[in-house]
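**Student:** For reference, the structure I am asking about is given below.
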Amino acid sequence: MEIKQVPEYKIEEAMDLVWQVFLEFEAPDYSKEGVDTFHDFISDKRTKNTLRIYGAYINDNIVGVIATKNEGNHIALLFVDGCCHRQGIGRKLFELILKESTSDIITVNSSPFALEFYHRLGFVDTNRELTIKGIRFTPMKYEK
């Protein structure tokens, strides 16, 4: 497996993976408003331009995506193809962000599906679950 920054010409491929994984694992926990809000977020060119996006590749096929903002201090997206869950890909993507981050604290707004994954990485909840524009999430932080 190779982890590298996703080149601009491959960003749509990365977002397609994010969307497919979202539909399979996240969307069942969201209202139509939440699904639409998420789709708008990953489709917005201005949003994508503010993110640093890395991909995990196996045989040149993208199987995982992590995207950060705020100089790598906030995880905006972390998705791994369902066929590759529980193989350490999400953890490897996170470890890259740990190295890249400029802060002692990394934050994420975890979906209900990913909450236990983030807990296993060492994140702690900073608030109860919230819902904004149909997106359900629990604010979390990781202290280095």
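So you can find residues: chains in the structure tokens are A, B, ... in the order shown, residues in each start at 1, and ligands are numbered from 1 in order.
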Fewer than 4 positions away in the same chain doesn't count, so skip those; otherwise give me all residues within 12 Å of Asp16 in chain A, counting only C-alpha atoms, as a list in words.
**Tutor:**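 Listed by chain and then number, they are Lys10, Ile11, Glu12, Gln20, Val21, Phe22, Leu23, His39, Ile42, Ser43, Ile62, Val63, Gly64, Val65, Phe79, Val80 and Asp81 of chain A.
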**Student:** Per DSSP on the backbone, what are the alpha helix (DSSP H) residues of range 2-141 of chain A, as a ChimeraX atom specification?
**Tutor:** /A:11-21,32-43,45-49,89-100,115-121
**Student:** Quick one: everything within 10 Å of range 31-36 of chain A, counting only C-alpha atoms, minus sequence neighbours fewer than 2 positions away in the same chain. Send it as JSON, numbers by chain.
**Tutor:** {"A": [19, 22, 23, 26, 27, 28, 29, 38, 39, 40, 41, 131, 132, 133, 134, 135, 136]}
**Student:** Please produce, as CSV, a per-residue contact table for range 14-72 of chain A versus range 85-106 of chain A (criterion: any atom at most 8 Å away, only C-alpha atoms considered), showing the nearest atom pair and its distance in Å to one decimal, sorted by chain then residue number.
**Tutor:**
```
residue,atom,partner,partner_atom,distance
A:Tyr54,CA,A:Leu93,CA,7.7
A:Gly55,CA,A:Leu93,CA,7.8
A:Ala56,CA,A:Ile89,CA,7.1
A:Gly64,CA,A:Ile89,CA,6.9
A:Val65,CA,A:Leu93,CA,7.6
A:Ile66,CA,A:Leu93,CA,6.4
A:Glu71,CA,A:Ser101,CA,6.5
A:Gly72,CA,A:Ser101,CA,4.7
```
**Student:** Could those residues be written to a file, using N, CA and C atoms, as a compact mmCIF listing (two decimals), in the first residue's frame?
**Tutor:**
```
# COMPACT_ATOMS: atom_id res chain seq x y z
N TYR A 54 -5.27 13.14 0.79
CA TYR A 54 -4.33 12.04 0.61
C TYR A 54 -5.12 10.78 0.30
N GLY A 55 -4.50 9.90 -0.47
CA GLY A 55 -5.14 8.64 -0.80
C GLY A 55 -4.27 7.46 -0.43
N ALA A 56 -4.91 6.37 -0.10
CA ALA A 56 -4.23 5.09 0.11
C ALA A 56 -4.47 4.29 -1.15
N GLY A 64 -8.65 4.35 -0.01
CA GLY A 64 -8.91 5.15 1.18
C GLY A 64 -8.58 6.60 0.92
N VAL A 65 -9.27 7.50 1.61
CA VAL A 65 -9.08 8.94 1.44
C VAL A 65 -9.14 9.60 2.81
N ILE A 66 -8.19 10.50 3.03
CA ILE A 66 -8.27 11.38 4.19
C ILE A 66 -8.05 12.80 3.69
N GLU A 71 -4.44 23.56 8.12
CA GLU A 71 -3.04 23.12 8.16
C GLU A 71 -2.90 21.70 8.70
N GLY A 72 -3.85 20.86 8.38
CA GLY A 72 -3.79 19.46 8.79
C GLY A 72 -4.27 19.20 10.20
```
**Student:** Could you give me, as JSON, numbers by chain, each residue of range 1-143 of chain A that DSSP assigns to strand (DSSP E or B) when run on this structure's backbone?
**Tutor:** {"A": [2, 3, 4, 5, 52, 53, 54, 55, 56, 57, 58, 61, 62, 63, 64, 65, 66, 67, 68, 69, 74, 75, 76, 77, 78, 79, 80, 105, 106, 107, 108, 109, 110, 124, 125, 130, 131, 132, 135, 136, 137, 138, 139, 140, 141, 142, 143]}
**Student:** Store the residues picked out above, limited to N, CA and C atoms, as a short mmCIF file (atom, residue, chain, number, x, y, z; two decimals), in the first residue's frame.
**Tutor:**
```cif
data_model
loop_
_atom_site.label_atom_id
_atom_site.label_comp_id
_atom_site.auth_asym_id
_atom_site.auth_seq_id
_atom_site.Cartn_x
_atom_site.Cartn_y
_atom_site.Cartn_z
N GLU A 2 0.46 2.22 -0.76
CA GLU A 2 1.17 3.50 -0.83
C GLU A 2 0.20 4.61 -0.44
N ILE A 3 0.66 5.54 0.39
CA ILE A 3 -0.15 6.70 0.76
C ILE A 3 0.55 7.93 0.20
N LYS A 4 -0.21 8.72 -0.55
CA LYS A 4 0.36 9.92 -1.15
C LYS A 4 -0.72 10.96 -1.36
N GLN A 5 -0.28 12.21 -1.52
CA GLN A 5 -1.24 13.27 -1.77
C GLN A 5 -1.91 13.01 -3.12
N ARG A 52 -6.50 19.45 2.00
CA ARG A 52 -5.33 18.67 1.60
C ARG A 52 -5.80 17.22 1.61
N ILE A 53 -5.73 16.57 0.46
CA ILE A 53 -6.34 15.25 0.28
C ILE A 53 -5.24 14.22 0.00
N TYR A 54 -5.27 13.14 0.79
CA TYR A 54 -4.33 12.04 0.61
C TYR A 54 -5.12 10.78 0.30
N GLY A 55 -4.50 9.90 -0.47
CA GLY A 55 -5.14 8.64 -0.80
C GLY A 55 -4.27 7.46 -0.43
N ALA A 56 -4.91 6.37 -0.10
CA ALA A 56 -4.23 5.09 0.11
C ALA A 56 -4.47 4.29 -1.15
N TYR A 57 -3.39 3.80 -1.75
CA TYR A 57 -3.47 3.10 -3.02
C TYR A 57 -2.95 1.68 -2.88
N ILE A 58 -3.67 0.76 -3.47
CA ILE A 58 -3.21 -0.63 -3.61
C ILE A 58 -3.24 -0.92 -5.10
N ASN A 61 -4.90 1.55 -7.31
CA ASN A 61 -6.33 1.78 -7.09
C ASN A 61 -6.52 2.46 -5.74
N ILE A 62 -7.28 3.55 -5.72
CA ILE A 62 -7.51 4.26 -4.48
C ILE A 62 -8.51 3.49 -3.62
N VAL A 63 -8.11 3.20 -2.39
CA VAL A 63 -8.97 2.43 -1.47
C VAL A 63 -9.28 3.19 -0.19
N GLY A 64 -8.65 4.35 -0.01
CA GLY A 64 -8.91 5.15 1.18
C GLY A 64 -8.58 6.60 0.92
N VAL A 65 -9.27 7.50 1.61
CA VAL A 65 -9.08 8.94 1.44
C VAL A 65 -9.14 9.60 2.81
N ILE A 66 -8.19 10.50 3.03
CA ILE A 66 -8.27 11.38 4.19
C ILE A 66 -8.05 12.80 3.69
N ALA A 67 -8.86 13.72 4.17
CA ALA A 67 -8.73 15.13 3.77
C ALA A 67 -8.74 15.98 5.03
N THR A 68 -7.82 16.95 5.05
CA THR A 68 -7.72 17.82 6.22
C THR A 68 -7.84 19.28 5.81
N LYS A 69 -8.13 20.09 6.80
CA LYS A 69 -8.10 21.54 6.63
C LYS A 69 -7.44 22.12 7.87
N HIS A 74 -7.48 19.54 11.32
CA HIS A 74 -8.86 19.08 11.39
C HIS A 74 -9.10 18.08 10.27
N ILE A 75 -9.58 16.90 10.63
CA ILE A 75 -9.91 15.89 9.63
C ILE A 75 -11.31 16.17 9.12
N ALA A 76 -11.41 16.48 7.83
CA ALA A 76 -12.69 16.79 7.21
C ALA A 76 -13.34 15.54 6.62
N LEU A 77 -12.51 14.61 6.13
CA LEU A 77 -13.00 13.37 5.52
C LEU A 77 -12.03 12.24 5.84
N LEU A 78 -12.57 11.08 6.15
CA LEU A 78 -11.76 9.86 6.27
C LEU A 78 -12.66 8.69 5.90
N PHE A 79 -12.39 8.11 4.73
CA PHE A 79 -13.21 7.04 4.20
C PHE A 79 -12.33 5.95 3.61
N VAL A 80 -12.69 4.71 3.90
CA VAL A 80 -11.97 3.55 3.36
C VAL A 80 -13.00 2.64 2.71
N ILE A 105 -3.09 19.31 18.84
CA ILE A 105 -4.46 18.80 18.89
C ILE A 105 -5.00 18.66 17.47
N ILE A 106 -5.58 17.51 17.18
CA ILE A 106 -6.25 17.28 15.91
C ILE A 106 -7.73 17.06 16.23
N THR A 107 -8.58 17.69 15.46
CA THR A 107 -10.02 17.59 15.70
C THR A 107 -10.70 16.85 14.55
N VAL A 108 -11.88 16.34 14.85
CA VAL A 108 -12.72 15.70 13.84
C VAL A 108 -14.16 15.78 14.33
N ASN A 109 -15.09 15.83 13.40
CA ASN A 109 -16.50 15.71 13.71
C ASN A 109 -16.92 14.33 13.21
N SER A 110 -16.96 13.37 14.11
CA SER A 110 -17.18 11.97 13.73
C SER A 110 -18.64 11.66 13.46
N VAL A 124 -11.08 11.65 21.89
CA VAL A 124 -12.09 11.73 22.95
C VAL A 124 -13.17 12.72 22.53
N ASP A 125 -14.39 12.44 22.95
CA ASP A 125 -15.51 13.33 22.64
C ASP A 125 -15.31 14.66 23.35
N LEU A 130 -24.29 16.12 17.82
CA LEU A 130 -25.01 17.28 17.31
C LEU A 130 -25.54 16.96 15.91
N THR A 131 -26.51 17.73 15.46
CA THR A 131 -27.01 17.63 14.09
C THR A 131 -27.11 19.03 13.53
N ILE A 132 -26.40 19.25 12.41
CA ILE A 132 -26.45 20.53 11.72
C ILE A 132 -26.68 20.25 10.24
N ILE A 135 -26.60 16.71 9.17
CA ILE A 135 -25.37 15.94 9.41
C ILE A 135 -25.24 15.66 10.91
N ARG A 136 -25.25 14.37 11.26
CA ARG A 136 -25.08 13.95 12.66
C ARG A 136 -23.59 13.73 12.91
N PHE A 137 -23.09 14.32 14.00
CA PHE A 137 -21.67 14.17 14.31
C PHE A 137 -21.40 14.41 15.78
N THR A 138 -20.29 13.83 16.23
CA THR A 138 -19.80 14.07 17.58
C THR A 138 -18.46 14.76 17.46
N PRO A 139 -18.32 15.97 18.00
CA PRO A 139 -17.02 16.65 17.96
C PRO A 139 -16.02 15.88 18.85
N MET A 140 -14.80 15.71 18.32
CA MET A 140 -13.78 14.94 19.04
C MET A 140 -12.43 15.63 18.88
N LYS A 141 -11.49 15.24 19.76
CA LYS A 141 -10.13 15.75 19.62
C LYS A 141 -9.13 14.65 19.97
N TYR A 142 -7.96 14.79 19.41
CA TYR A 142 -6.83 13.90 19.68
C TYR A 142 -5.68 14.78 20.12
N GLU A 143 -5.11 14.46 21.29
CA GLU A 143 -3.96 15.23 21.77
C GLU A 143 -2.70 14.40 21.59
#
```
